[in-house]
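Student: Next up is a structure, given as structure tokens.
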4 protein chains.
Amino acid sequence: MRDGSKTKELIARTSLHLFVEKGITETTIRDIAAAAGIAEGTLYRHYESKDQLAWELFSENYVSFARELDRVQEEYDTLKDKLAAMIRRFCAFFDQDPVLFSYLLLAQHHQLKKVTPDMETAVTVLQKVIAQGMAKSEVPEMEVELAAAMVLGVVLQVAVFKAYNRINQDLSHLGEILVDTCWRVLVGNGTP
Amino acid sequence: MRDGSKTKELIARTSLHLFVEKGITETTIRDIAAAAGIAEGTLYRHYESKDQLAWELFSENYVSFARELDRVQEEYDTLKDKLAAMIRRFCAFFDQDPVLFSYLLLAQHHQLKKVTPDMETAVTVLQKVIAQGMAKSEVPEMEVELAAAMVLGVVLQVAVFKAYNRINQDLSHLGEILVDTCWRVLVGNGTP
Amino acid sequence: MRDGSKTKELIARTSLHLFVEKGITETTIRDIAAAAGIAEGTLYRHYESKDQLAWELFSENYVSFARELDRVQEEYDTLKDKLAAMIRRFCAFFDQDPVLFSYLLLAQHHQLKKVTPDMETAVTVLQKVIAQGMAKSEVPEMEVELAAAMVLGVVLQVAVFKAYNRINQDLSHLGEILVDTCWRVLVGNGTP
Amino acid sequence: MRDGSKTKELIARTSLHLFVEKGITETTIRDIAAAAGIAEGTLYRHYESKDQLAWELFSENYVSFARELDRVQEEYDTLKDKLAAMIRRFCAFFDQDPVLFSYLLLAQHHQLKKVTPDMETAVTVLQKVIAQGMAKSEVPEMEVELAAAMVLGVVLQVAVFKAYNRINQDLSHLGEILVDTCWRVLVGNGTP
DNA sequence: TATGAATGAGATTTCATTCAT
DNA sequence: GATGAATGAAATCTCATTCAT
């Protein structure tokens, strides 16, 4: 009662679950309040509006995950190692908090449109790393966006299948396959 | 009658654009009516409800696209050819009607949950084809869902980047790269 | 049902009564809807918001009354006649629609602050007329705003007393007294 | 205790300013607390409710001002002197605390309705004095309420103009004009 | 078939007030 | 006395849907 930040955290976790389960628009303030065991008005002590709650949940985690990825890739020198480390980190994070990652993964248009070009995201980090690798001829040259899209697709779609329970194993167990596959995606293309 | 079906088509196209642009829940009947230049009530002459409109738009195209993919793959014998044909067809369709494909691609949770297991979808067709190819040892054995996810990821994420204008070229121009890449995704993994 | 403007008029009259009776903030949309015999949502087909309703009710009548006063004063040549005609018109209007005039009279701060300097109001018309009269030496010179305030005060405060039922006679019956008094207010002051 | 009454005074002054600036209903407890630099709950240590705060601010000052007016008029014998003294006192008070007087002047309906007939107000004092003057034939007979309304109007409307910055001079400087004008309002009317 | 005003349930949000600390 | 997080009733507003024309 004294510590409002606990309540904020409670609201965040509860909302996250409901947003992932039913969608943002389909989740009402009443739903959140009931699930969190708080009054409807309480939410507004911690978040300006439902929209802002959804956005804060998205953007803060989206950005902090990107930062973490960036930190991880910096520990390695080659594209291959950087990529492997990033993928493994992604898998570990996903398994650790699948609800949060589902939220980020299945993020609606609405949220994504608010991502400004200056925000560091997983996509920008990945593109940066790939671009560097190409510059150092670690992989053949090709359009960076395209390369990033394909690598991203491999990992994300597997995560989506996992989120939808089409795949049973934890992502971490698939780390090696994902790393190998992504590498093969990168090295095979381009002008040799 | 002629007129009536034109109105229905008008509603369908207008809704599709708005749904892709703003999201389904965020698009109001009033938005659709205004954009289509019809009265709000008119929509209900052609569709039972907004939900049904969104679902009809989704399911009919989702299913007919899956059927088309299935027809296409049947024309070929090997997994490699089947896959190549399917990807090329996907690219051609996307370029032809990017709005429709964005709608299918960025489909909300809400819609995907209504997809029953007995419905033939692009995913089931892809899994079937891959499973057959593995059975015939055209590619190494591995979990079919995982293989399908990765192949799907490569193609879909490129399409998503295209939908978000991160990539400029038409998908059709990327057909060969996508085909090659997907093939490499499949052949490299599994137990040799 | 066909004619929406009837409903709008009904909402306007009903709101006016309630706003005068209870105050704007104290009157709820539910109050208005119940009193008008319409659904709550119906109000929003005709007015953007409660605030806008209150403002439209105020500003349109405030301005059109000012225009009417201006038209009236133009029919006469001397300040004395102009003033008399304006006061008589004010009295007649008040008696004709006491609720509307009470609304304008007791208008809250909130509304008055939205009155932009370019809007023609009863006050600006009165000041203009008095200024002209002073210029033509029909009454002694003095600060126009002060003169206008005092004349206005005489008439308005009597109207306020009438609105609060402190005075029983119709304003029209007090027309001559008000005209005489206001004239005496103007001629007695200033540097002779 | 010393501290406590200081807080109460702080709340009173802060509320007064905000009430005048934005209106009572439009001013929230949070507004007051923020402006006064206190916690929201603190207000309730000093006032039962927001309504009671608004009412206390209004009624106490309204009544004490009326008493003061009454005391002032008692020092004089003739209506003319009484009226002059009251007007001068009003001007002095207004200049001394314009915010308070704006609050009393622009008092909402809501407050005025709570004024019971047995309460002594500026209006009742004025009516009493005028009635006495008429009884003593100092001014011609006429309806007391009407006479009071007109005299009141002259003074109040000038104060309102001052409150809205339409007039620049302090009210005290206008004392003589107001006194003269009000006297002329009274003596000119009635049955000679 | 088409219209569009009207509906009313339900969503979001506000805010005076309470109460544990 | 003071705090400020929590409350929850009530207000405003939205919008899918209906229905008389």
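Labels used: A, B, ... for chains in the order of the structure tokens, numbers from 1 for residues in each chain, and numbers from 1 for ligands as shown.
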Within 9 Å of range 3-18 of chain E, counting only C-alpha atoms (C1' of nucleotides), which residues qualify if same-chain residues fewer than 4 places away don't, as a PyMOL selection string?

Tutor: (chain A and resi 28-29+41+44+49-50) or (chain B and resi 38-42) or (chain C and resi 1-4+38-42+45) or (chain D and resi 28-30+41+44+49-50) or (chain F and resi 6-7+11-14+17-18+21)

Student: Take the selection from the previous step and output its residues with C-alpha atoms (C1' of nucleotides), as a short mmCIF file (atom, residue, chain, number, x, y, z; two decimals), in the first residue's frame.

Tutor:
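Dumped everything to part07.cif:
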```cif
data_model
loop_
_atom_site.label_atom_id
_atom_site.label_comp_id
_atom_site.auth_asym_id
_atom_site.auth_seq_id
_atom_site.Cartn_x
_atom_site.Cartn_y
_atom_site.Cartn_z
CA THR A 28 -10.85 -3.82 -20.96
CA ILE A 29 -9.68 -1.79 -18.03
CA GLY A 41 -9.22 3.91 -11.01
CA TYR A 44 -4.72 5.61 -13.75
CA SER A 49 -4.30 5.70 -20.24
CA LYS A 50 -4.73 2.21 -21.55
CA ILE B 38 -22.22 4.72 -48.49
CA ALA B 39 -24.57 4.95 -45.51
CA GLU B 40 -23.67 3.21 -42.29
CA GLY B 41 -26.65 0.91 -42.48
CA THR B 42 -25.83 -0.25 -45.98
CA MET C 1 -37.20 10.44 -36.95
CA ARG C 2 -36.42 11.49 -40.45
CA ASP C 3 -35.83 15.04 -39.44
CA GLY C 4 -32.78 15.25 -37.26
CA ILE C 38 -33.83 10.46 -26.13
CA ALA C 39 -30.94 8.05 -25.76
CA GLU C 40 -27.67 9.31 -24.39
CA GLY C 41 -25.82 8.57 -27.57
CA THR C 42 -28.26 10.58 -29.65
CA ARG C 45 -25.14 12.84 -33.34
CA THR D 28 -9.98 19.52 -8.63
CA ILE D 29 -8.66 18.63 -5.23
CA ARG D 30 -5.53 17.60 -7.01
CA GLY D 41 -5.58 14.13 1.75
CA TYR D 44 -9.69 16.99 4.52
CA SER D 49 -15.41 18.42 1.63
CA LYS D 50 -14.73 20.45 -1.43
"C1'" DA F 6 -6.20 3.24 -3.45
"C1'" DT F 7 -11.05 3.37 -4.14
"C1'" DA F 11 -19.49 10.96 -15.80
"C1'" DT F 12 -18.45 11.32 -20.70
"C1'" DC F 13 -18.23 9.33 -24.86
"C1'" DT F 14 -18.05 5.50 -28.59
"C1'" DT F 17 -26.38 -2.38 -34.77
"C1'" DT F 18 -31.44 -1.52 -35.76
"C1'" DT F 21 -38.69 5.68 -44.25
#
```

Student: Hey, what's within 10 Å of range 95-103 of chain A if we count only C-alpha atoms (C1' of nucleotides) and toss same-chain stuff fewer than 4 positions away? As a VMD selection string, please?

Tutor: chain A and resid 13 16 to 21 23 to 24 54 57 to 58 61 to 62 65 89 to 91 107 to 108 159 to 160 162 to 164 169 to 173

Student: Excluding Ile11 in chain D and residues on its chain fewer than 6 positions from it, collect all residues at most 8 Å away from it, counting only C-alpha atoms (C1' of nucleotides), and give them as an MDAnalysis selection string.

Tutor: chainID D and resid 32:33 36 43

Student: Just the selected residues (N, CA, C and O atoms), exported as an mmCIF file, in the first residue's frame, please.

Tutor:
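result_1.cif, freshly written:
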```cif
data_model
loop_
_atom_site.group_PDB
_atom_site.id
_atom_site.type_symbol
_atom_site.label_atom_id
_atom_site.label_comp_id
_atom_site.auth_asym_id
_atom_site.auth_seq_id
_atom_site.Cartn_x
_atom_site.Cartn_y
_atom_site.Cartn_z
ATOM 1 N N ILE D 32 -5.761 21.864 -6.359
ATOM 2 C CA ILE D 32 -5.537 22.651 -5.145
ATOM 3 C C ILE D 32 -4.297 22.168 -4.412
ATOM 4 O O ILE D 32 -3.429 22.952 -4.026
ATOM 5 N N ALA D 33 -4.221 20.840 -4.237
ATOM 6 C CA ALA D 33 -3.085 20.272 -3.517
ATOM 7 C C ALA D 33 -1.773 20.610 -4.206
ATOM 8 O O ALA D 33 -0.799 21.020 -3.558
ATOM 9 N N ALA D 36 -0.981 24.298 -3.810
ATOM 10 C CA ALA D 36 -0.660 24.660 -2.427
ATOM 11 C C ALA D 36 0.568 23.919 -1.915
ATOM 12 O O ALA D 36 1.083 24.217 -0.835
ATOM 13 N N LEU D 43 -6.188 18.313 2.684
ATOM 14 C CA LEU D 43 -7.312 19.232 2.627
ATOM 15 C C LEU D 43 -8.419 18.807 3.585
ATOM 16 O O LEU D 43 -9.087 19.647 4.194
#
```

Student: I'd like to know which of A:Lys136, A:Lys128, A:Lys82, A:Lys22 is closest to Lys113 in chain B, using only C-alpha atoms.

Tutor: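 Looking at the shortest contact to Lys113 in chain B, the residue is A:Lys22.
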